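Participant: File input39.csv follows (CSV, C-alpha atoms):
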```
chain,number,residue,atom,x,y,z
A,1,MET,CA,-35.7,-35.5,-5.6
A,2,SER,CA,-33.1,-37.9,-4.1
A,3,ASN,CA,-30.8,-37.0,-7.0
A,4,LEU,CA,-30.7,-33.4,-5.8
A,5,ILE,CA,-28.5,-34.4,-2.9
A,6,TYR,CA,-25.6,-34.7,-5.4
A,7,ALA,CA,-26.0,-31.1,-6.5
A,8,ILE,CA,-25.9,-29.7,-2.9
A,9,PRO,CA,-22.1,-30.3,-2.3
A,10,VAL,CA,-21.3,-28.7,-5.7
A,11,ILE,CA,-23.5,-25.6,-4.9
A,12,LEU,CA,-21.9,-25.3,-1.4
A,13,VAL,CA,-18.4,-25.6,-2.8
A,14,ILE,CA,-19.1,-23.0,-5.4
A,15,ALA,CA,-20.7,-20.6,-2.9
A,16,ILE,CA,-17.8,-21.0,-0.4
A,17,SER,CA,-15.3,-20.6,-3.2
A,18,VAL,CA,-16.8,-17.3,-4.3
A,19,PHE,CA,-16.6,-16.0,-0.7
A,20,ILE,CA,-13.0,-17.2,-0.3
A,21,VAL,CA,-11.9,-15.4,-3.5
A,22,LYS,CA,-13.8,-12.3,-2.2
A,23,ILE,CA,-12.0,-12.4,1.2
A,24,ALA,CA,-8.7,-12.9,-0.6
A,25,THR,CA,-9.3,-10.0,-2.9
A,26,VAL,CA,-9.9,-7.7,0.1
A,27,ALA,CA,-6.8,-9.1,1.8
A,28,LEU,CA,-4.6,-8.5,-1.2
A,29,LYS,CA,-6.0,-5.0,-1.6
A,30,MET,CA,-4.9,-4.3,2.0
A,31,THR,CA,-1.3,-5.2,1.0
A,32,GLY,CA,-1.3,-2.4,-1.6
A,33,LEU,CA,-2.8,-3.9,-4.8
A,34,ASP,CA,-5.5,-2.1,-6.7
A,35,GLU,CA,-8.9,-3.9,-6.7
A,36,LYS,CA,-8.8,-5.2,-10.2
A,37,ARG,CA,-5.4,-6.7,-9.9
A,38,ALA,CA,-6.2,-8.1,-6.4
A,39,TYR,CA,-9.3,-9.9,-7.8
A,40,PHE,CA,-7.5,-11.3,-10.8
A,41,GLN,CA,-4.6,-12.6,-8.6
A,42,ALA,CA,-7.0,-14.2,-6.1
A,43,LEU,CA,-9.0,-15.8,-8.8
A,44,SER,CA,-5.9,-17.0,-10.7
A,45,ALA,CA,-4.4,-18.6,-7.5
A,46,PHE,CA,-7.7,-20.2,-6.5
A,47,THR,CA,-8.4,-21.7,-9.9
A,48,GLY,CA,-4.7,-22.7,-10.5
A,49,THR,CA,-4.4,-20.8,-13.7
A,50,GLY,CA,-1.1,-19.2,-12.7
A,51,PHE,CA,0.5,-15.7,-13.2
A,52,THR,CA,2.7,-13.9,-15.6
A,53,THR,CA,6.4,-13.7,-14.6
A,54,ARG,CA,6.0,-10.1,-13.5
A,55,ASP,CA,2.9,-10.8,-11.4
A,56,SER,CA,4.5,-13.8,-9.9
A,57,GLU,CA,7.4,-11.7,-8.6
A,58,LEU,CA,4.8,-9.1,-7.3
A,59,MET,CA,3.1,-11.9,-5.3
A,60,LEU,CA,6.1,-13.8,-4.0
A,61,ASP,CA,8.2,-10.8,-2.9
A,62,ASP,CA,5.7,-9.9,-0.2
A,63,ASP,CA,5.3,-12.3,2.8
A,64,ILE,CA,1.6,-11.6,3.3
A,65,ARG,CA,0.7,-11.9,-0.4
A,66,ARG,CA,2.6,-15.1,-0.6
A,67,LYS,CA,0.7,-16.7,2.3
A,68,ILE,CA,-2.6,-15.6,0.8
A,69,ILE,CA,-1.7,-17.2,-2.5
A,70,ILE,CA,-0.6,-20.4,-0.9
A,71,VAL,CA,-3.8,-20.8,1.0
A,72,LEU,CA,-5.9,-20.0,-2.1
A,73,MET,CA,-4.1,-22.7,-4.1
A,74,ILE,CA,-4.7,-25.3,-1.4
A,75,LEU,CA,-8.3,-24.4,-0.9
A,76,GLY,CA,-8.8,-24.2,-4.7
A,77,ASN,CA,-7.5,-27.8,-5.2
A,78,ALA,CA,-9.6,-29.1,-2.4
A,79,GLY,CA,-12.8,-27.5,-3.9
A,80,LEU,CA,-12.0,-28.9,-7.4
A,81,VAL,CA,-11.6,-32.4,-6.0
A,82,THR,CA,-14.9,-32.2,-4.2
A,83,VAL,CA,-16.7,-31.0,-7.3
A,84,ILE,CA,-15.1,-33.7,-9.6
A,85,THR,CA,-15.9,-36.4,-7.1
A,86,THR,CA,-19.5,-35.4,-6.8
A,87,LEU,CA,-20.0,-35.2,-10.6
A,88,VAL,CA,-18.4,-38.6,-11.0
A,89,ILE,CA,-20.8,-40.1,-8.5
A,90,SER,CA,-23.7,-38.4,-10.1
A,91,PHE,CA,-22.8,-39.6,-13.6
A,92,GLY,CA,-22.2,-43.1,-12.2
A,93,ARG,CA,-25.8,-43.5,-11.4
A,94,GLY,CA,-26.4,-44.0,-15.1
A,95,ASN,CA,-29.4,-41.8,-15.5
A,96,LEU,CA,-28.7,-38.7,-17.6
A,97,MET,CA,-31.9,-36.7,-16.7
A,98,PRO,CA,-31.1,-36.2,-13.0
A,99,VAL,CA,-27.5,-35.2,-14.0
A,100,LEU,CA,-28.8,-32.5,-16.4
A,101,SER,CA,-31.4,-31.4,-13.9
A,102,ASN,CA,-28.7,-30.9,-11.2
A,103,ALA,CA,-26.4,-29.1,-13.7
A,104,GLY,CA,-29.3,-26.7,-14.5
A,105,ILE,CA,-29.9,-26.0,-10.8
A,106,VAL,CA,-26.2,-25.4,-10.2
A,107,LEU,CA,-26.0,-23.0,-13.2
A,108,VAL,CA,-29.1,-21.0,-12.0
A,109,LEU,CA,-27.7,-20.7,-8.5
A,110,ILE,CA,-24.3,-19.6,-9.8
A,111,PHE,CA,-26.1,-16.9,-11.9
A,112,ILE,CA,-28.0,-15.7,-8.9
A,113,LEU,CA,-24.9,-15.6,-6.8
A,114,PHE,CA,-23.0,-13.7,-9.5
A,115,LYS,CA,-25.8,-11.1,-9.6
A,116,LEU,CA,-25.8,-10.7,-5.9
A,117,LEU,CA,-22.1,-10.2,-5.6
A,118,ASN,CA,-22.1,-7.6,-8.4
A,119,HIS,CA,-24.7,-5.5,-6.6
A,120,LYS,CA,-22.9,-2.3,-5.4
A,121,GLY,CA,-24.6,-2.2,-2.0
A,122,ILE,CA,-23.9,-5.9,-1.2
A,123,THR,CA,-20.3,-5.6,-2.5
A,124,LYS,CA,-19.6,-2.5,-0.4
A,125,TYR,CA,-21.2,-4.2,2.7
A,126,LEU,CA,-19.1,-7.4,2.2
A,127,ASN,CA,-15.9,-5.4,1.5
A,128,ASP,CA,-16.4,-3.3,4.7
A,129,ARG,CA,-17.1,-6.3,6.8
A,130,ILE,CA,-14.2,-8.4,5.5
A,131,GLU,CA,-11.8,-5.5,5.9
A,132,SER,CA,-12.9,-4.7,9.4
A,133,ARG,CA,-12.3,-8.3,10.4
A,134,LEU,CA,-9.0,-8.6,8.7
A,135,GLU,CA,-7.7,-5.4,10.3
A,136,LYS,CA,-7.9,-7.2,13.7
A,137,ARG,CA,-5.4,-9.8,12.4
A,138,ALA,CA,-1.8,-9.1,13.2
A,139,PRO,CA,-0.5,-9.0,9.5
A,140,PHE,CA,-3.1,-6.4,8.6
A,141,GLN,CA,-3.1,-4.2,11.7
A,142,LYS,CA,-2.4,-0.6,10.8
A,143,ARG,CA,0.5,1.0,12.7
A,144,PRO,CA,0.5,4.7,13.8
A,145,VAL,CA,2.5,7.0,11.5
A,146,GLU,CA,4.9,7.7,14.4
A,147,GLU,CA,5.7,4.0,14.8
A,148,VAL,CA,6.3,3.6,11.1
A,149,LEU,CA,8.7,6.6,11.0
A,150,ARG,CA,10.7,5.1,13.9
A,151,ILE,CA,11.4,1.8,12.1
A,152,ALA,CA,15.0,3.0,11.2
A,153,LYS,CA,17.3,2.9,14.1
A,154,ASN,CA,17.9,6.3,15.8
A,155,TYR,CA,15.3,8.0,13.5
A,156,GLY,CA,12.2,9.7,14.8
A,157,ILE,CA,10.0,12.8,15.0
A,158,ALA,CA,10.9,15.7,17.2
A,159,GLU,CA,9.3,19.1,17.9
A,160,VAL,CA,11.8,21.8,18.5
A,161,ASN,CA,11.6,25.5,19.3
A,162,ILE,CA,13.9,28.0,17.7
A,163,THR,CA,15.7,30.2,20.2
A,164,ASN,CA,18.4,32.9,19.9
A,165,THR,CA,21.1,30.2,20.3
A,166,CYS,CA,20.0,28.1,17.3
A,167,GLN,CA,22.6,28.1,14.6
A,168,GLU,CA,19.9,27.9,11.9
A,169,LEU,CA,18.0,31.1,13.0
A,170,ASN,CA,17.1,33.4,10.1
A,171,LYS,CA,18.3,31.0,7.5
A,172,THR,CA,16.2,29.6,4.7
A,173,LEU,CA,15.7,25.8,4.7
A,174,SER,CA,18.0,25.6,1.6
A,175,GLU,CA,20.7,27.5,3.5
A,176,SER,CA,20.4,25.4,6.6
A,177,THR,CA,22.4,22.3,7.4
A,178,PHE,CA,19.3,20.1,7.8
A,179,ARG,CA,19.7,18.1,4.6
A,180,GLU,CA,23.4,17.2,5.2
A,181,ASN,CA,22.4,16.1,8.7
A,182,ASP,CA,19.6,13.8,7.5
A,183,ILE,CA,16.9,16.0,8.9
A,184,LEU,CA,13.6,16.7,7.1
A,185,ILE,CA,11.3,19.6,8.2
A,186,LEU,CA,7.8,18.3,8.0
A,187,ALA,CA,6.1,21.5,9.1
A,188,ILE,CA,6.7,24.9,10.7
A,189,GLU,CA,4.4,26.3,13.4
A,190,ARG,CA,4.6,30.1,13.6
A,191,LYS,CA,2.3,31.9,16.1
A,192,ASP,CA,-1.2,31.0,14.9
A,193,GLU,CA,0.0,29.8,11.5
A,194,VAL,CA,1.1,26.4,10.4
A,195,ILE,CA,3.2,25.9,7.3
A,196,PRO,CA,2.8,22.3,6.1
A,197,THR,CA,5.5,20.9,3.8
A,198,PRO,CA,7.6,24.1,3.9
A,199,LYS,CA,9.6,25.1,0.8
A,200,ALA,CA,13.3,25.5,0.5
A,201,THR,CA,12.8,29.3,0.5
A,202,ASP,CA,10.9,29.4,3.8
A,203,ARG,CA,12.9,31.2,6.5
A,204,ILE,CA,13.4,30.0,10.0
A,205,LEU,CA,12.4,32.7,12.5
A,206,LEU,CA,12.7,33.2,16.2
A,207,ASP,CA,10.1,31.3,18.3
A,208,ASP,CA,9.2,29.1,15.3
A,209,THR,CA,8.4,25.5,16.2
A,210,LEU,CA,9.8,23.0,13.7
A,211,ILE,CA,8.4,19.5,13.3
A,212,CYS,CA,11.4,17.5,12.3
A,213,TYR,CA,12.0,13.9,11.1
A,214,GLY,CA,15.5,12.5,11.0
A,215,LYS,CA,18.4,11.2,13.0
A,216,LEU,CA,17.6,12.1,16.6
A,217,PRO,CA,21.2,12.6,17.6
A,218,ASN,CA,21.6,15.1,14.8
A,219,ILE,CA,18.5,16.9,15.7
A,220,GLU,CA,19.7,17.1,19.3
A,221,LYS,CA,23.1,18.4,18.1
A,222,ILE,CA,21.7,21.2,16.0
A,223,PHE,CA,18.9,22.4,18.2
A,224,ILE,CA,19.7,21.6,21.8
A,225,LYS,CA,22.6,23.7,23.1
```
Now that the file is in, can you turn its structure into structure tokens?
Facilitator:
Amino acid sequence: MSNLIYAIPVILVIAISVFIVKIATVALKMTGLDEKRAYFQALSAFTGTGFTTRDSELMLDDDIRRKIIIVLMILGNAGLVTVITTLVISFGRGNLMPVLSNAGIVLVLIFILFKLLNHKGITKYLNDRIESRLEKRAPFQKRPVEEVLRIAKNYGIAEVNITNTCQELNKTLSESTFRENDILILAIERKDEVIPTPKATDRILLDDTLICYGKLPNIEKIFIK
């Protein structure tokens, strides 16, 4: 029974490693990777098996992904050292039976852990919990669409009403000067109707409300007289 103490660190390291890879997988997914690729990259970094050239560029070109990969590599090396040290001490005792017994226990627990983490209900619960925690961290916080669209200087969303003085009145979108003025019409509100993603042939009528995205000075120049 005293020999079981040498298996405990190995079991703990493996269990913790599995959860670290799981957390990293969710984190990489939140940067835009699909689930399979995120899992493969997390496991590759943690185990130190490396990437292909294409995948390496995919990871290193993004600041958040690069930080995740670096942390995984450091933690993976620390876990490997712990496991090797424990095994060396265990073998150093000179009795083969306790070593084989401990190895059997570790393998059984790895199998159980693998089964648990492949259970759909448990996987969904873990993914949801991890994602909700990560979303509170600054790098993963989701910004409102309005904030994202204002990243470019002098660009933004504006809601404008079409009056008799508007130079684009009764023109179709293709006939208008919106495109040459870097203005995109996101939607047209007309009485009780909303036209999402209007087409080039849609005509601008009196009392329409246009939802525009583009250079704010240009929007002001065209619509505000």
Participant: Could you give me, as a list in words, the residues within 9 Å of range 208-221 of chain A, counting only C-alpha atoms and dropping anything in the same chain fewer than 6 positions from it?
Facilitator: Leu149, Lys153, Asn154, Tyr155, Gly156, Ile157, Ala158, Glu159, Val160, Asn161, Ile162, Thr163, Phe178, Asn181, Asp182, Ile183, Leu184, Ile185, Leu186, Ala187, Ile188, Glu189, Arg190 and Lys191 of chain A
Participant: Please provide the set of residues having any atom within 12 Å of range 121-123 of chain A, restricted to all atoms listed in the file, with same-chain residues fewer than 5 positions apart removed, written as a VMD selection string.
Facilitator: chain A and resid 19 22 to 23 25 to 26 113 to 116 128 to 131
Participant: Let me make sure I understand: among A:Leu169, A:Val71, A:Ile20, A:Ala27, which one has the smallest atom-to-atom distance to Arg133 in chain A if we use only C-alpha atoms?
Facilitator: A:Ala27
Participant: In Å, how far is it from CA of Ala200 in chain A to CA of Gln167 in chain A?
Facilitator: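 These two atoms are separated by 17.1 Å.
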Participant: When distances are computed from only C-alpha atoms, which of A:Leu12, A:Leu126, A:Leu173, A:Ala42 shows the smallest separation from Lys199 in chain A?
Facilitator: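 Checking each of A:Leu12, A:Leu126, A:Leu173, A:Ala42 against Lys199 in chain A, counting only C-alpha atoms, the winner is A:Leu173.
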Participant: Give me, please, the distance in Å between CA of Met73 in chain A and CA of Thr47 in chain A, quoted to one decimal.
Facilitator: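 Spanning CA of Met73 in chain A to CA of Thr47 in chain A is a straight-line distance of 7.3 Å.
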Participant: Can you measure CA of Leu134 in chain A to CA of Leu109 in chain A for me? One decimal in Å is fine.
Facilitator: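 Atom-to-atom, CA of Leu134 in chain A and CA of Leu109 in chain A are spaced 28.1 Å apart.
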Participant: Skipping near chain neighbours, those fewer than 3 positions away, what residues fall within 12 Å of Thr201 in chain A using all atoms listed in the file, listed as a PyMOL selection string?
Facilitator: chain A and resi 170-176+197-198+204
Participant: Calculated over only C-alpha atoms, which of the candidates A:Ile64, A:Asp34, A:Gln41, A:Gly76 has the smallest distance to Ile14 in chain A?
Facilitator: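 Nearest to Ile14 in chain A: A:Gly76.
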Participant: With distances taken over only C-alpha atoms, which residue among A:Asp63, A:Asn77, A:Lys36, A:Leu72 lies nearest Ala24 in chain A?
Facilitator: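 That would be A:Leu72, the residue with the smallest distance to Ala24 in chain A.
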Participant: From the set A:Ala45, A:Ile16, A:Ile11, A:Ile68, which residue has the shortest atom-to-atom contact distance to Met30 in chain A, counting only C-alpha atoms?
Facilitator: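 Comparing A:Ala45, A:Ile16, A:Ile11, A:Ile68 against Met30 in chain A, the winner is A:Ile68.
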Participant: So which one's closest to Val13 in chain A, A:Asn164, A:Lys67, A:Leu75, A:Thr31? Using all atoms listed in the file, please.
Facilitator: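 Result for the nearest residue to Val13 in chain A: A:Leu75.
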